[in-house]
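Report on the following structure.
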Protein chains: 2
Amino acid sequence: MDDALTLARLNGASHKDFVALLAGTYEHSPWVGERAWPRGPFASLAQLKRTLVEVVTEADRDEQLALLRSHPELAGKAMAAGTLTAESSHEQGKVGLNACTPAELATIARLNALYRERFGFPFMLAVRGPRGDGLTKAQIIATFERRLENHADFEFAEALRNVHRVAELRLDDRFDFRPVLGEQAWDCAELLARHSDPGFAGNGQLTVTYLTDAHRACAAQLVRWMRECGFDDVKIDAVGNVVGVYRAAAPDAKTLLTGSHYDTVRNGGRYDGRLGIFVPLIAVRELSRTGRRLPFALEVVAFAEEEGQRYKATFLGSGALVGQFEPRWLDQVDADGVSMRDAMRHAKLPATARAIARLRRKPADYLGFVEVHIEQGPVLNELGLPLGVVTSINGGVRFAGEVRGMASHAGTTPMTSRRDAAAAVADLAVYLEKRAREAPNLVGTMGMLEVPNGSTNVVPGRCKFTLDIRATTNPVRDACSDDVLAELEAICARRGLSFMIEETMRVAASPSAPEWQARWERAVVALGLPVHRMPSGAGHDAMKIGEVMAQAMLFVRGENAGISHNPLESSNADDMQLAVEAFLQLLDGLAAESEPR
Amino acid sequence: MDDALTLARLNGASHKDFVALLAGTYEHSPWVGERAWPRGPFASLAQLKRTLVEVVTEADRDEQLALLRSHPELAGKAMAAGTLTAESSHEQGKVGLNACTPAELATIARLNALYRERFGFPFMLAVRGPRGDGLTKAQIIATFERRLENHADFEFAEALRNVHRVAELRLDDRFDFRPVLGEQAWDCAELLARHSDPGFAGNGQLTVTYLTDAHRACAAQLVRWMRECGFDDVKIDAVGNVVGVYRAAAPDAKTLLTGSHYDTVRNGGRYDGRLGIFVPLIAVRELSRTGRRLPFALEVVAFAEEEGQRYKATFLGSGALVGQFEPRWLDQVDADGVSMRDAMRHAKLPATARAIARLRRKPADYLGFVEVHIEQGPVLNELGLPLGVVTSINGGVRFAGEVRGMASHAGTTPMTSRRDAAAAVADLAVYLEKRAREAPNLVGTMGMLEVPNGSTNVVPGRCKFTLDIRATTNPVRDACSDDVLAELEAICARRGLSFMIEETMRVAASPSAPEWQARWERAVVALGLPVHRMPSGAGHDAMKIGEVMAQAMLFVRGENAGISHNPLESSNADDMQLAVEAFLQLLDGLAAESEPR
C-alpha cells in the first residue's frame with residue numbers, strides 16, 4: 001500500500017486481495033470487506049463507502065457489537081499498553097491524545113469506565129472530526145460527556161456511525177483523496193461564523209439576525225467571496241440579499257436561480273441556510289477556474305432573512321423576490337425599539353417600499369430555483385446516506401389549545417367524578433401520535449404541554465398544549481388535523497370537559513417540481529449514490545420562491561442526529577464535497593438538456 | 001296549610017292528600033310527591049327529604065329536564081309578567097330580586113339568555129343560600145357567572161341540586177323547622193372567618209396560618225365560645241391548641257377526644273377543620289343547657305396547626321398530643337425569617353420542647369377519637385347525601401419524575417425516529433388513570449405536567465410530572481404504585497428514553513376503628529339517613545391521633561362539587577344541623593353502652 005489505492009485496482013482485485021486492500025478500514029473486521037466484494041464493481045469512492053455502510057447495517061447485532069468492541073478505548077490504557085492498531089494510534093496521536101496531561105488522562109479514564117459500564121463497548125469517536133484534521137481534546141471530552149447521556153440503542157447506532165466515519169477518513173487517505181471542495185465549504189462556514197450578534201459572539205454561540213453589525217459583516221464577506229469565485233455581477237440588494245450572477249455563454253439566456261439564507265436563529269448552527277450559499281459559490285469557482293460558461297446564467301442569492309428572529313417578517317429575503325414585501329413591515333420595531341426602516345437606513349439600504357418592490361423577479365426570465373440545505377433532521381444520519389432528494393416541503397398547521405375541567409382534590413375526588421384536563425390532553429397526545437404514524441410523510445407533535453400552576457395533590461383543572469401537524473400534501477395534513485380536532489371534541493365530550501383551540505399558523509405544502517426533482521436524482525445517481533426521496537419537514541426559501549417558479553431541493557446529511565437550530569449542528573467535508581459535486585452534476589445535466597441533440 | 005305540617009300528619013295522609021301536602025315543594029311537579037308516598041312512613045324530616053331526592057334521581061332525564069324547566073327564570077321577565085309561583089316570588093323577593101336596578105336587571109337578563117342558550121333550561125339557584133336567609137344580589141350574579149362556565153352535564157346536576165335545596169327550605173318552612181344548631185355552626189364559621197392574615201383579610205379571602213395575629217384572635221374567640229358553651233376547663237396549650245373539657249358525671253371516667261384544626265391554607269375555606277370544632281362545641285352547649293353529664297368526659301381540641309403552611313410542620317397540633325413534636329422545629333423560620341420559637345414567644349407560649357412534650361396524652365385515659373370534617377370532595381354532593389361515614393383515611397405516596405428523550409425538529413423528525421418525552425408521559429398518564437380505575441377506593445393523579453421550555457415546533461426532549469396515588473389500604477396503594485412505576489420503565493424502554501423518579505412523600509393508611517365506625521353508622525341511621533361508607537382521600541388530624549388510639553370520622557357534604565382549599569368551600573345549615581345531631585346521637589349511644597343493662 002505504498003501507492004494510493006484506485007477504484008480500478010480495487011474493482012480488479014480477487015476476493016482475497018479486495019479484503020486485503022481494505023484491511024484496517026474497519027478495525028479487526030475483515031468480514032466487512034468480504035461481504036462488500038460481491039457488490040462491486042464500484043463506480044465511485046462514495047459508492048464504495050456506501051456499500052460498506054450497507055454491509056455493516058445488514059450485519060446482525062452481535063457482529064455490530066463485535067465490530068464496536070474491536071476498537072480500542074480512547075487514549076489511556078490501550079495507548080499505554082501499545083495495543084492500538086497503527087491507524088488508531090496515528091489518529092489518536094494526531095489530535096494530541098498521546099500527549100494528555102495527567103488530569104486529562106484521569107478524565108478520559110473515568111469517562112471510559114462510565115461509558116463501558118453503561119453501554120458495554122468502548123467509546124467510539126472519529127477523533128479527526130468533520131473536516132478530517134482533528135478535534136481538540138476539549139471537543140473530544142465534551143462529546144464524550146454528551147454521549148454518555150444518550151439512550152443505549154441510540155448510542156449504539158452513533159458509535160457505528162463513528163466507525164463508518166473513521167473508515168471514510170481511512171479510505172480517503174488510502175485513495176489519496178481529499179474532499180477539497182467540501183473543505184472549502186467547511187472553511188467558509190467557520191469563517192462566516194466568526195460574525196455573531198453581541199451577547200452571543202465569543203462563547204461558541206452563533207446568532208446573526210437581520211441587519212445587525214454581524215449580519216452586515218456576513219454580507220460583506222459574501223460579496224468578497226462571490227467576487228473571488230468569479231461571479232460577474234455582485235451586489236447587495238434593497239433588503240440586504242447578496243446577489244451574484246455568473247453570466248451565461250449567450251446574453252439572452254435564461255437564468256437558474258439558487259441560494260439560501262445567511263441569517264440564523266438565536267444560538268443556531270453554522271450550516272442552516274449557509275451551506276446552500278457556499279455550495280453554488282464553490283461550484284461557480286470551479287466553472288470560472290476552467291473558464292467554463294453554461295448555456296444559462298446562474299444567479300445565487302444569499303437571502304438576508306428567513307428565520308423571522310429580529311422582526312416578524314419570516315422569508316423577508318426570498319419574499320422580496322416574489323413581490324411579497326409588506327410596506328407596513330418598515331414600521332415594525334425590534335426588541336430594542338429599532339424600526340426596520342431605521343435598521344435598513346443604518347445598513348445604507350434605500351429603506352423604501354418602492355425600492356424593495358423592484359426586487360420582484362419575472363418568473364419568465366428563470367428556468368427554476370434549486371436549493372441545497374442541511375437536512376435539519378435525523379433521516380439521512382440514521383440511514384447513513386450523505387444526500388437526499390426532497391419531494392415536497394411539507395405543509396403545516398399549528399394550534400394552541402387549552403382543555404378546561406375542574407380542579408379538585410387528588411385524594412378526595414374518586415376517579416369516576418373527575419374532570420381531569422391533563423388526562424384529556426394525554427388522551428389527545430396518544431391519539432395524535434397514533435394518527436400521525438398511520439400515514440407516511442406525516443408528523444404530529446405536541447411540543448408544549450403544561451398544567452398551569454399544577455400541584456401534586458390537585459386534579460388538573462386546566463391543561464394547555466400546542467399541536468404542530470405537517471405533511472407532504474395539504475390534504476394529508478388537513479385530514480390529520482381534522483381527525484385530531486374531532487378527537488379532541490370527542491375526548492372532552494366523553495369526559496365532560498370544555499376546550500378552546502386556536503389555529504396559530506397554516507402553511508401550504510410546496511411539492512418539488514417533478515422535472516427539477518428528477519434533475520437532482522440524476523445528479524445523485526451520477527455520484528454513485530442511491531436516491532433517497534424525502535419530504536422537508538422544515539420550511540425553506542424554496543417554499544417562497546416556489547410560489548412563482550418550479551423548485552426542488554437537495555438535502556445534505558446533518559451529524560448529531562440531524563440536530564439544528566443548535567450549535568451542535570454539523571456536517572462533514574466529505575458530505576459537503578458530494579453536495580458540491582451533485583450541484584455541478586445538476587448544472588452539467590441542465591447544460592446537456594439545452595444543447596442541440 | 002295554615003298550621004305547620006307534621007310527620008304524623010304526612011305519614012297518615014292518603015296518596016292524594018300526601019301529594020297535596022307536598023304540592024309546590026318541587027315546582028309544578030306533583031309526580032315527585034306521587035312517587036314518594038309509597039316509600040313512607042318517614043321517621044324524620046331528613047328521611048323525607050332524602051326520599052324526595054331519590055325519587056328525582058331515579059326519574060328519567062326528560063322528567064328531570066321538565067322539572068328544571070318548570071322553574072321560572074331568575075327575576076326579570078317572569079317576575080314582571082307575574083308568572084312566578086307564590087313560593088318563587090317569595091324567595092326571589094326575599095333576596096331583593098324584585099327591587100333590582102335597571103343595570104342589575106340588564107345583567108340578569110343577559111345571563112339568563114346566555115344560560116338558556118347554553119344549557120336549554122332556566123338558571124336554577126336556591127337564592128336563600130346555605131343559611132336560608134338569602135344570598136346578596138352580588139353573590140347571586142357571581143354564582144350565575146361562575147356556573148355559566150360549567151360543563152353541561154355538571155350544570156344539569158347542579159341545577160337539580162339547587163331544586164332539592166329549594167325544596168328543603170320550603171319543607172323546613174312548611175314543617176316550621178329551623179336548623180338552629182346548624183345555623184349556630186354556620187354563624188361560628190362566619191364569625192371566625194373575620195380573622196385573616198394580612199394581605200388576605202378584607203377581600204373575602206381567608207388565610208389563618210400558625211400563630212399569626214389572626215390565628216391568635218381565632219384561639220381567643222374559641223376560648224370564649226368554649227366557656228360560653230359550658231365547658232368546665234378551657235385553656236390554650238403549649239403549641240396553641242385550644243382545649244376544652246366537659247367533665248364526666250363521675251371524676252375517674254375516661255375521656256372521649258374530639259376536635260379538628262382551626263388553621264387554614266392560604267385563601268382557604270371556612271369549614272375545613274373548623275366544622276369539626278363547632279359541632280362538638282354546639283353539642284356541649286346542648287348538654288350543658290340541659291345540665292346533662294355523660295358517663296365519660298368530652299375533650300374538644302381545636303388544633304392550632306394541621307396544614308403546614310407557615311412552617312413545615314404539618315399536624316403540629318395533633319402531633320403534639322401523640323408526642324411527635326420535633327425540638328428542631330423551633331429553629332425553623334417562616335418566609336419572613338421568624339423562627340417558630342420567636343412566634344411562640346410572641347404568642348406567650350412557653351416555646352420549649354419540654355413544655356410541648358408534656359402535651360402528650362396517655363392513650364389509656366381515652367375511649368377514642370372522633371372527628372367531624374367537611375368532605376373536601378364531590379362524593380356526598382353528587383349522591384345528594386348530607387353525611388358519610390369514613391372507613392379509612394387513605395394511605396398515599398407521591399413521586400416527582402422526569403422523562404428524558406431527545407429534543408428534535410417537529411417538522412423534520414419522522415414519527416419513527418422520535419424520542420418524545422411528553423408522548424411517554426402521556427402514555428403514563430393514560431395508564432395511571434386506567435390502573436387507578438381498576439380498584440375501588442383507589443385514586444391516581446398526575447397533578448403536575450410540564451414540558452420545560454417547550455416550543456410548538458420542537459419534539460419534547462424533557463417532560464416533568466408528578467404522581468399522587470392513594471388508597472384505603474397500604475397494599476392497594478403499593479400495588480398500584482408498583483404497577484405505575486413498572487409501566488414507566490416499560491414505556492421508556494420501548495421508546496428509547498431515560499427517566500428519573502423520586503418518592504417525595506409516603507403516608508400510611510389509617511383505617512377507622514370498626515367499633516367507632518359502627519357508632520357513627522348507628523348515629524346516622526338514628527337520623528333516618530342511609531349510611532354511606534367512604535374513604536377519606538385527604539389527611540386529617542384523626543390520622544395522627546389514630547396512631548395511638550381508635551379513631552373514626554364523620555364527613556359532612558360540601559357544596560360546589562365539594563371544592564375545598566378555596567373560598568367557594570361551603571356547607572349549609574341543614575347539613576350542619578344533621579352533623580350536630582349525629583354527634584349528639586354518637587354521645588347518646590356511647591353513654592347507653594356504658595350504662596348497666
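Going through the C-alpha cells in order, the chains are called A, B, and so on, while each chain numbers its residues from 1 and the ligands are numbered from 1 in the order shown.
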For Val333 of chain B, work out the shell of residues within 10 Å, counting only C-alpha atoms and skipping chain neighbours fewer than 3 positions away, then give it as number ranges by chain. B: 310-312, 329-330, 336-343
If you count only C-alpha atoms, which residues fall within 9 Å of Pro414 of chain A, apart from same-chain ones fewer than 5 positions away, as number ranges by chain? B: 377-379, 437, 440-443, 537
Once you have the residues from the selection above, write them out as a compact mmCIF listing (two decimals), in the first residue's frame, restricted to N, CA, C and O atoms.
# COMPACT_ATOMS: atom_id res chain seq x y z
N GLY B 377 -64.55 16.83 49.06
CA GLY B 377 -64.63 16.08 47.82
C GLY B 377 -66.06 16.08 47.33
O GLY B 377 -66.96 16.55 48.03
N PRO B 378 -66.30 15.54 46.14
CA PRO B 378 -67.61 15.68 45.50
C PRO B 378 -68.60 14.56 45.78
O PRO B 378 -69.73 14.61 45.30
N VAL B 379 -68.19 13.54 46.55
CA VAL B 379 -68.98 12.31 46.60
C VAL B 379 -70.37 12.54 47.19
O VAL B 379 -71.39 12.19 46.58
N ARG B 437 -58.54 3.25 38.08
CA ARG B 437 -59.97 2.95 37.96
C ARG B 437 -60.28 1.48 38.23
O ARG B 437 -61.43 1.11 38.43
N PRO B 440 -61.64 -0.20 43.59
CA PRO B 440 -62.43 0.81 44.29
C PRO B 440 -61.56 1.50 45.33
O PRO B 440 -60.57 0.94 45.81
N ASN B 441 -61.92 2.70 45.68
CA ASN B 441 -61.22 3.43 46.75
C ASN B 441 -59.73 3.58 46.49
O ASN B 441 -58.91 3.54 47.41
N LEU B 442 -59.40 3.71 45.22
CA LEU B 442 -58.01 3.95 44.81
C LEU B 442 -58.06 5.15 43.88
O LEU B 442 -58.94 5.23 43.02
N VAL B 443 -57.15 6.10 44.08
CA VAL B 443 -57.08 7.24 43.16
C VAL B 443 -55.64 7.48 42.75
O VAL B 443 -54.72 7.28 43.54
N GLY B 537 -59.97 10.76 51.29
CA GLY B 537 -58.81 10.90 50.41
C GLY B 537 -57.79 11.87 50.98
O GLY B 537 -56.61 11.78 50.69
Determine the nearest neighbour of Arg494 of chain A from the options A:Leu275, A:Ala423, A:Ile563, A:Asp574, counting only C-alpha atoms.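 Comparing A:Leu275, A:Ala423, A:Ile563, A:Asp574 against Arg494 of chain A, the winner is A:Ala423.
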Taking only residues of chain B that have an atom at most 7 Å from an atom of chain A, what is each one's shortest atom pair and its distance in Å to one decimal, using only C-alpha atoms, in chain and number order, as a tab-separated table?
residue	atom	partner	partner_atom	distance
B:His151	CA	A:Gly496	CA	6.0
B:Asp153	CA	A:Gly496	CA	6.9
B:Gln376	CA	A:Thr412	CA	6.5
B:Gly377	CA	A:Thr412	CA	4.8
B:Pro378	CA	A:Thr413	CA	6.2
B:Ser408	CA	A:Ile563	CA	6.5
B:His409	CA	A:Gly377	CA	6.6
B:Ala410	CA	A:Thr445	CA	6.1
B:Gly411	CA	A:Gly537	CA	3.8
B:Thr412	CA	A:Gly537	CA	4.1
B:Thr413	CA	A:Gly377	CA	5.4
B:Pro414	CA	A:Val443	CA	6.3
B:Met415	CA	A:Val443	CA	6.0
B:Ala423	CA	A:Ala429	CA	6.3
B:Ala426	CA	A:Ala426	CA	4.4
B:Asp427	CA	A:Val430	CA	6.5
B:Ala429	CA	A:Ala423	CA	6.3
B:Val430	CA	A:Ala426	CA	6.5
B:Arg437	CA	A:Met415	CA	6.0
B:Val443	CA	A:Met415	CA	6.0
B:Thr445	CA	A:Ala410	CA	6.1
B:Met446	CA	A:Thr456	CA	6.9
B:Gly447	CA	A:Thr456	CA	4.6
B:Met448	CA	A:Gly454	CA	4.7
B:Leu449	CA	A:Val451	CA	5.5
B:Glu450	CA	A:Glu450	CA	4.4
B:Val451	CA	A:Leu449	CA	5.5
B:Gly454	CA	A:Met448	CA	4.7
B:Ser455	CA	A:Gly447	CA	5.3
B:Thr456	CA	A:Gly447	CA	4.6
B:Asn457	CA	A:Gly447	CA	6.1
B:Val458	CA	A:Gly447	CA	5.4
B:Val459	CA	A:Gly447	CA	5.4
B:Pro460	CA	A:Gly447	CA	5.6
B:Thr466	CA	A:Thr456	CA	5.7
B:Leu467	CA	A:Thr456	CA	6.7
B:Asp468	CA	A:Thr456	CA	6.3
B:Arg470	CA	A:Gly411	CA	6.5
B:Gly496	CA	A:His151	CA	6.1
B:Leu497	CA	A:His151	CA	6.2
B:Ser498	CA	A:His151	CA	6.7
B:Ser536	CA	A:Thr412	CA	6.3
B:Gly537	CA	A:Gly411	CA	3.8
B:Ala538	CA	A:Gly411	CA	5.2
B:Ile563	CA	A:Ser408	CA	6.5
With a distance cut-off of 8 Å and only C-alpha atoms, select the neighbouring residues of Ala304 of chain B, excluding the residue or stretch itself and same-chain residues fewer than 4 positions from it, and output the selection as a VMD selection string. chain B and resid 210 to 211 239 to 242 261 to 263 316 to 317
Export, as a short mmCIF file (atom, residue, chain, number, x, y, z; two decimals), in the first residue's frame, the selected residues with N, CA, C and O atoms.
data_model
loop_
_atom_site.label_atom_id
_atom_site.label_comp_id
_atom_site.auth_asym_id
_atom_site.auth_seq_id
_atom_site.Cartn_x
_atom_site.Cartn_y
_atom_site.Cartn_z
N TYR B 210 -50.20 29.49 61.25
CA TYR B 210 -49.81 29.23 62.64
C TYR B 210 -49.28 30.46 63.39
O TYR B 210 -48.28 31.06 63.00
N LEU B 211 -49.98 30.81 64.45
CA LEU B 211 -49.56 31.82 65.43
C LEU B 211 -49.46 33.25 64.89
O LEU B 211 -48.81 34.10 65.51
N VAL B 239 -48.68 24.46 72.36
CA VAL B 239 -48.49 24.66 70.91
C VAL B 239 -49.61 25.54 70.33
O VAL B 239 -49.64 25.76 69.12
N GLY B 240 -50.51 26.03 71.19
CA GLY B 240 -51.57 26.91 70.70
C GLY B 240 -52.88 26.20 70.47
O GLY B 240 -53.85 26.83 70.02
N ASN B 241 -52.95 24.89 70.75
CA ASN B 241 -54.24 24.20 70.68
C ASN B 241 -55.17 24.81 71.72
O ASN B 241 -54.74 25.12 72.84
N VAL B 242 -56.45 24.95 71.36
CA VAL B 242 -57.44 25.39 72.35
C VAL B 242 -58.14 24.12 72.84
O VAL B 242 -58.72 23.38 72.04
N HIS B 261 -58.89 21.14 63.27
CA HIS B 261 -57.94 22.26 63.30
C HIS B 261 -58.59 23.59 62.93
O HIS B 261 -59.56 23.61 62.18
N TYR B 262 -58.03 24.66 63.45
CA TYR B 262 -58.56 25.98 63.11
C TYR B 262 -57.64 26.80 62.21
O TYR B 262 -58.00 27.88 61.79
N ASP B 263 -56.45 26.29 61.90
CA ASP B 263 -55.63 26.99 60.91
C ASP B 263 -56.19 26.69 59.52
O ASP B 263 -57.02 25.77 59.36
N LEU B 316 -48.80 19.66 63.41
CA LEU B 316 -48.11 20.07 64.63
C LEU B 316 -49.05 19.96 65.83
O LEU B 316 -48.67 19.48 66.89
N GLY B 317 -50.29 20.41 65.65
CA GLY B 317 -51.25 20.44 66.76
C GLY B 317 -51.58 19.05 67.28
O GLY B 317 -51.42 18.76 68.47
#
What's around Pro295 of chain A at 8 Å? Count only C-alpha atoms, leave out sequence neighbours fewer than 5 positions away in its own chain, and write the answer as a PyMOL selection string. chain A and resi 248-250+253+591+594-595
With C-alpha atoms retained, export the selected residues as an mmCIF file, in the first residue's frame.
data_model
loop_
_atom_site.group_PDB
_atom_site.id
_atom_site.type_symbol
_atom_site.label_atom_id
_atom_site.label_comp_id
_atom_site.auth_asym_id
_atom_site.auth_seq_id
_atom_site.Cartn_x
_atom_site.Cartn_y
_atom_site.Cartn_z
ATOM 1 C CA ALA A 248 -24.390 32.549 -19.419
ATOM 2 C CA ALA A 249 -22.489 31.751 -22.610
ATOM 3 C CA ALA A 250 -25.080 33.769 -24.548
ATOM 4 C CA ALA A 253 -30.172 33.021 -21.957
ATOM 5 C CA ALA A 591 -26.477 22.236 -19.813
ATOM 6 C CA SER A 594 -30.308 22.612 -23.627
ATOM 7 C CA GLU A 595 -27.710 21.529 -26.152
#
As an exercise, work out the distance from atom CA of Arg227 of chain B to atom CA of Leu584 of chain B in Å and give it to one decimal place.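 Rounded to one decimal, the two atoms are 19.1 Å apart.
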Can you pull out the residues contacting Gln139 of chain B? Cut-off 10 Å, using only C-alpha atoms, and skip same-chain residues under 6 positions away; I want them as an NGL selection string. :B and (127 or 129 or 145)
When you look at Asn381 of chain A with a cut-off of 12 Å (counting only C-alpha atoms), what residues show up, excluding the ones that are within fewer than 3 positions of it in the same chain? I need them as a VMD selection string. (chain A and resid 53 154 157 to 158 160 to 162 164 to 165 374 to 378 384 to 388 555 to 563 570 to 572 575) or (chain B and resid 413 417)
Selected residues written out with C-alpha atoms, as a PDB file, in the first residue's frame:
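Once written, again_35.pdb looks like this:
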ATOM      1  CA  VAL A  53     -22.145   1.039   5.396  1.00  0.00           C
ATOM      2  CA  PHE A 154     -29.163   5.469  20.086  1.00  0.00           C
ATOM      3  CA  ALA A 157     -26.034   3.471  16.355  1.00  0.00           C
ATOM      4  CA  GLU A 158     -23.996   6.616  16.983  1.00  0.00           C
ATOM      5  CA  LEU A 160     -21.390   2.611  14.462  1.00  0.00           C
ATOM      6  CA  ARG A 161     -21.711   5.927  12.625  1.00  0.00           C
ATOM      7  CA  ASN A 162     -18.365   6.932  14.063  1.00  0.00           C
ATOM      8  CA  HIS A 164     -18.064   4.488   9.394  1.00  0.00           C
ATOM      9  CA  ARG A 165     -16.641   7.980   9.634  1.00  0.00           C
ATOM     10  CA  ILE A 374     -28.637  20.703   5.543  1.00  0.00           C
ATOM     11  CA  GLU A 375     -31.424  18.270   6.406  1.00  0.00           C
ATOM     12  CA  GLN A 376     -32.137  19.585   9.921  1.00  0.00           C
ATOM     13  CA  GLY A 377     -33.469  16.143  10.761  1.00  0.00           C
ATOM     14  CA  PRO A 378     -32.213  12.643  11.600  1.00  0.00           C
ATOM     15  CA  GLY A 384     -26.061   6.508   6.653  1.00  0.00           C
ATOM     16  CA  LEU A 385     -26.679   8.454   3.436  1.00  0.00           C
ATOM     17  CA  PRO A 386     -24.907  11.726   2.616  1.00  0.00           C
ATOM     18  CA  LEU A 387     -27.599  13.155   0.303  1.00  0.00           C
ATOM     19  CA  GLY A 388     -31.391  13.108  -0.031  1.00  0.00           C
ATOM     20  CA  PHE A 555     -30.648  17.719   1.426  1.00  0.00           C
ATOM     21  CA  VAL A 556     -27.251  17.107   2.970  1.00  0.00           C
ATOM     22  CA  ARG A 557     -26.931  14.832   5.996  1.00  0.00           C
ATOM     23  CA  GLY A 558     -26.624  16.501   9.404  1.00  0.00           C
ATOM     24  CA  GLU A 559     -24.483  14.864  12.090  1.00  0.00           C
ATOM     25  CA  ASN A 560     -25.585  14.500  15.712  1.00  0.00           C
ATOM     26  CA  ALA A 561     -28.964  13.044  14.805  1.00  0.00           C
ATOM     27  CA  GLY A 562     -29.527  15.975  12.469  1.00  0.00           C
ATOM     28  CA  ILE A 563     -29.810  18.461  15.286  1.00  0.00           C
ATOM     29  CA  SER A 570     -22.712  19.716  11.957  1.00  0.00           C
ATOM     30  CA  SER A 571     -21.827  18.395   8.520  1.00  0.00           C
ATOM     31  CA  ASN A 572     -18.549  16.912   7.361  1.00  0.00           C
ATOM     32  CA  ASP A 575     -20.660  15.117   2.613  1.00  0.00           C
TER      33      ASP A 575
ATOM     34  CA  THR B 413     -38.111  14.191  12.674  1.00  0.00           C
ATOM     35  CA  SER B 417     -37.262   8.489  14.781  1.00  0.00           C
TER      36      SER B 417
END
One decimal, Å: what's the distance from atom CA of Arg462 of chain A over to atom CA of Cys480 of chain B, could you say? 25.1 Å
Which of these residues is nearest to Val163 of chain B, using only C-alpha atoms: B:Phe177, B:Phe315, B:Tyr26, B:Phe231?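 Smallest distance to Val163 of chain B is found for B:Tyr26.
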In Å to one decimal, how far is atom CA of Val208 of chain A from atom CA of Thr264 of chain A? 5.1 Å
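For Leu7 of chain B, the non-local neighbours within 12 Å, defined as residues at least 3 positions apart in the same chain or in other chains and counting only C-alpha atoms, are Ala4, Leu10, Asn11, Gly12, Ala13, Phe18, Leu21, Leu22, Gly40, Pro41, Phe42, Ala43, Ser44, Leu45, Ala46, Gln47, Leu48, Lys49, Leu171, Asp172, Arg174, Phe175, Asp176 and Phe177 of chain B.
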Please, could you write that set of residues out with C-alpha atoms as a JSON list (two decimals), in the first residue's frame?
[["chain", "number", "residue", "atom", "x", "y", "z"],
["B", 4, "ALA", "CA", -97.20, 23.58, 60.46],
["B", 10, "LEU", "CA", -97.94, 13.38, 56.40],
["B", 11, "ASN", "CA", -97.43, 9.73, 57.28],
["B", 12, "GLY", "CA", -101.11, 9.33, 57.90],
["B", 13, "ALA", "CA", -102.22, 11.03, 54.69],
["B", 18, "PHE", "CA", -99.82, 13.38, 50.63],
["B", 21, "LEU", "CA", -99.41, 18.43, 51.33],
["B", 22, "LEU", "CA", -96.14, 18.45, 49.37],
["B", 40, "GLY", "CA", -93.23, 6.23, 53.61],
["B", 41, "PRO", "CA", -93.77, 6.34, 56.52],
["B", 42, "PHE", "CA", -90.93, 8.76, 57.25],
["B", 43, "ALA", "CA", -89.08, 8.63, 60.55],
["B", 44, "SER", "CA", -87.62, 12.10, 60.17],
["B", 45, "LEU", "CA", -87.78, 15.18, 58.02],
["B", 46, "ALA", "CA", -84.27, 14.28, 56.85],
["B", 47, "GLN", "CA", -85.56, 10.92, 55.66],
["B", 48, "LEU", "CA", -88.43, 12.58, 53.79],
["B", 49, "LYS", "CA", -86.03, 14.99, 52.08],
["B", 171, "LEU", "CA", -90.15, 21.89, 53.61],
["B", 172, "ASP", "CA", -88.35, 23.48, 56.57],
["B", 174, "ARG", "CA", -93.82, 24.02, 55.96],
["B", 175, "PHE", "CA", -92.71, 21.93, 58.95],
["B", 176, "ASP", "CA", -91.87, 25.11, 60.84],
["B", 177, "PHE", "CA", -88.44, 23.65, 61.34]]
Could you pull out the helix (DSSP H, G or I) residues of segment 11-63 of chain B from DSSP and send them as JSON, numbers by chain? {"B": [11, 15, 16, 17, 18, 19, 20, 21, 22, 31, 32, 33, 34, 35, 36, 37, 38, 39, 45, 46, 47, 48, 49, 50, 51, 52, 53, 54, 55, 56, 57, 58, 61, 62, 63]}
